[in-house]
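Visitor: Right, I'll just put the structure down here and ask away after.
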Amino acid sequence: MSKQIGISLALCLSVLWALAILFRVYNTSWPNKSNFSYIDECPPPKLALLGIFTTDSTPNTARRGLLRQVYRNLQKQLPPESQIDFHFVMGLHAEPDAAPLPSHEQTIEMHLFPHETTLLDTQENMDDGKTYHWFRHAATHLLDTQQTQNGSRHCTRYRYIGKMDDDAVTHLPRLARTLARVSDTDTRSYYVGREHHEADFMIGMMYFLSENLVRYVATSERVAGNIVGFEDRKVGEWVRSSGMLVERVRLQRELHDYMSFWAFPSFITNETICLHGLKQQPGALLDLVQSDNTSYRDALIAFSHDRVGISLTDGQVDEISGFLLDQNNLGKFYDAPKLEEHLRKNYQIN
């Protein structure tokens, strides 16, 4: 009897010893276990991720250095839930008759600024799919974070993913306030930007898609077969093809070109969110950052006095401002020479 008890105890000890070994192996070397960071509940997503389209050319590289510092400083003014992260987005460098590869500058920036740089797995281009590859990359690698404890879902990191040209600059606090205000409505899908006055798409200086639209773009076979062509127009086509109820948020006054640019020029004011056409005007970035106290009316008065040499009456200022800001005239914004000509012709200024 005692012999049987001894054998049973030995077997029990052997089983316990084996379980202990297995437990230790599981906790020290179980494959992929360390890759998971489970959390009980998802935290609120950050407001947006903005992809700034750029290239590895020398002027663009210098401009990135300036923008990176300015945006970091502006970011510090925002609470965490209103912060807008940014990535400089580039395609692979390509020499004639050679396979696309990262350039020397791109390799350095990927190492120095890994959390602010995206190098797409496609050759650098403008209308051959770069925008599609950015949204697909963002949806695949940047949009989700940890998995919840029960594994039921991943947590969304951003409410919006955006695209902006690197010859445009944005006032981050104003942009954050606008996107936060937009999201207060019940509609879940958003397409935010400055709409082209003759077509059904947002202009490429800057626009945003809500996260569910980004997921659609990244996974739709219809979109994947329709990526080559005028990139702004393609994004509008993708949004329409989604079949979602999409709220188009048109920021016609807030997103515009620099006053000397040809397409959609306007004054820098305390409403300006995005200013485009700044390849040769780096100082305009500081003008935008410091424009908190400049109304459109004040900007028109200053332009009339400093550029044209006239002092408009209050009634004339109201009349001109009303015309330039009227929704029906949004495609007729004047550049500086045309506005000067308009003032001299219509207000009998010699």
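Chains: A, B, ... in order of the structure tokens. Residues: from 1 per chain. Ligands: from 1, in order shown.
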Could you give me, as a Markdown table, a per-residue list for region 80-132 of chain A showing, wherever an atom lies at most 12 Å from an atom of region 193-207 of chain A, the closest pair of atoms and their distance in Å to one decimal, using only C-alpha atoms and sorting by chain then residue number from low to high?
Guide:
```
| residue | atom | partner | partner_atom | distance |
| --- | --- | --- | --- | --- |
| A:Met126 | CA | A:Gly204 | CA | 10.8 |
| A:Asp127 | CA | A:Gly204 | CA | 11.4 |
| A:Thr131 | CA | A:Gly204 | CA | 10.0 |
```
Visitor: Pull the strand (DSSP E) assignments for region 90-281 of chain A out of DSSP run on the backbone, and list those residues as number ranges by chain.
Guide: A: 90-92, 117-123, 144-147, 154-156, 158-165, 168-170, 189-195, 202-210, 246-250, 255-257, 274-276
Visitor: At most 12 Å is the cut-off: for each residue in region 206-283 of chain A with any atom that close to an atom of region 302-318 of chain A, write down the nearest atom pair and the distance in Å rounded to one decimal, counting only C-alpha atoms, chain first then increasing number, as JSON lines.
Guide:
```
{"residue": "A:Met259", "atom": "CA", "partner": "A:Phe303", "partner_atom": "CA", "distance": 10.4}
{"residue": "A:Ser266", "atom": "CA", "partner": "A:Phe303", "partner_atom": "CA", "distance": 11.1}
{"residue": "A:Phe267", "atom": "CA", "partner": "A:Phe303", "partner_atom": "CA", "distance": 8.8}
{"residue": "A:Ile268", "atom": "CA", "partner": "A:Phe303", "partner_atom": "CA", "distance": 11.0}
{"residue": "A:Thr269", "atom": "CA", "partner": "A:Ala302", "partner_atom": "CA", "distance": 11.6}
```
Visitor: Convert the current residue selection to file output with N, CA and C atoms, as a tab-separated table (two decimals), in the first residue's frame.
Guide:
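See part_25.tsv below for the written result:
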```
chain	number	residue	atom	x	y	z
A	259	MET	N	-1.61	85.03	-52.06
A	259	MET	CA	-2.23	86.09	-52.87
A	259	MET	C	-1.63	86.21	-54.27
A	266	SER	N	-6.25	84.43	-51.97
A	266	SER	CA	-7.01	85.25	-51.03
A	266	SER	C	-6.06	85.76	-49.96
A	267	PHE	N	-6.56	86.69	-49.13
A	267	PHE	CA	-5.75	87.25	-48.07
A	267	PHE	C	-5.55	86.25	-46.94
A	268	ILE	N	-4.43	86.39	-46.23
A	268	ILE	CA	-4.21	85.62	-45.01
A	268	ILE	C	-4.96	86.32	-43.88
A	269	THR	N	-5.89	85.60	-43.25
A	269	THR	CA	-6.70	86.20	-42.18
A	269	THR	C	-6.79	85.23	-41.01
```
Visitor: Quick one: everything within 9 Å of Leu288 (chain A), counting only C-alpha atoms, minus sequence neighbours fewer than 6 positions away in the same chain. Send it as a PyMOL selection string.
Guide: chain A and resi 169-171+268-270+272-275
Visitor: Quick one: residues within 9 Å of Thr61 (chain A), only C-alpha atoms, excluding same-chain residues fewer than 6 positions away - as a count of residues only?
Guide: 3
Visitor: List every residue of region 87-200 of chain A that DSSP, applied to the backbone, labels as helix (DSSP H, G or I), and write the result as an NGL selection string.
Guide: :A and (104-112 or 130-142 or 172-182)
Visitor: Selection from above, C-alpha atoms, as a short mmCIF file (atom, residue, chain, number, x, y, z; two decimals), in the first residue's frame, can you write it?
Guide:
```cif
data_model
loop_
_atom_site.label_atom_id
_atom_site.label_comp_id
_atom_site.auth_asym_id
_atom_site.auth_seq_id
_atom_site.Cartn_x
_atom_site.Cartn_y
_atom_site.Cartn_z
CA HIS A 104 20.39 58.84 -49.52
CA GLU A 105 18.25 61.67 -48.14
CA GLN A 106 15.24 59.38 -47.66
CA THR A 107 17.30 56.76 -45.83
CA ILE A 108 18.67 59.39 -43.44
CA GLU A 109 15.25 60.83 -42.68
CA MET A 110 13.73 57.39 -42.11
CA HIS A 111 16.37 56.84 -39.41
CA LEU A 112 16.27 60.34 -37.89
CA LYS A 130 0.74 58.06 -54.84
CA THR A 131 -2.42 59.26 -53.09
CA TYR A 132 -3.94 55.78 -53.18
CA HIS A 133 -0.76 54.22 -51.81
CA TRP A 134 -0.69 56.78 -48.98
CA PHE A 135 -4.24 56.02 -47.87
CA ARG A 136 -3.64 52.28 -48.16
CA HIS A 137 -0.41 52.54 -46.15
CA ALA A 138 -2.13 54.66 -43.51
CA ALA A 139 -5.01 52.19 -43.18
CA THR A 140 -2.67 49.21 -42.97
CA HIS A 141 0.11 50.52 -40.72
CA LEU A 142 -1.00 53.69 -38.95
CA LEU A 172 -2.84 73.46 -36.71
CA PRO A 173 -4.96 74.95 -33.88
CA ARG A 174 -7.58 76.25 -36.35
CA LEU A 175 -7.55 72.99 -38.26
CA ALA A 176 -8.04 71.06 -35.02
CA ARG A 177 -10.99 73.23 -33.97
CA THR A 178 -12.64 72.79 -37.37
CA LEU A 179 -12.26 69.00 -37.51
CA ALA A 180 -13.47 68.64 -33.92
CA ARG A 181 -16.54 70.76 -34.71
CA VAL A 182 -17.31 68.73 -37.84
#
```
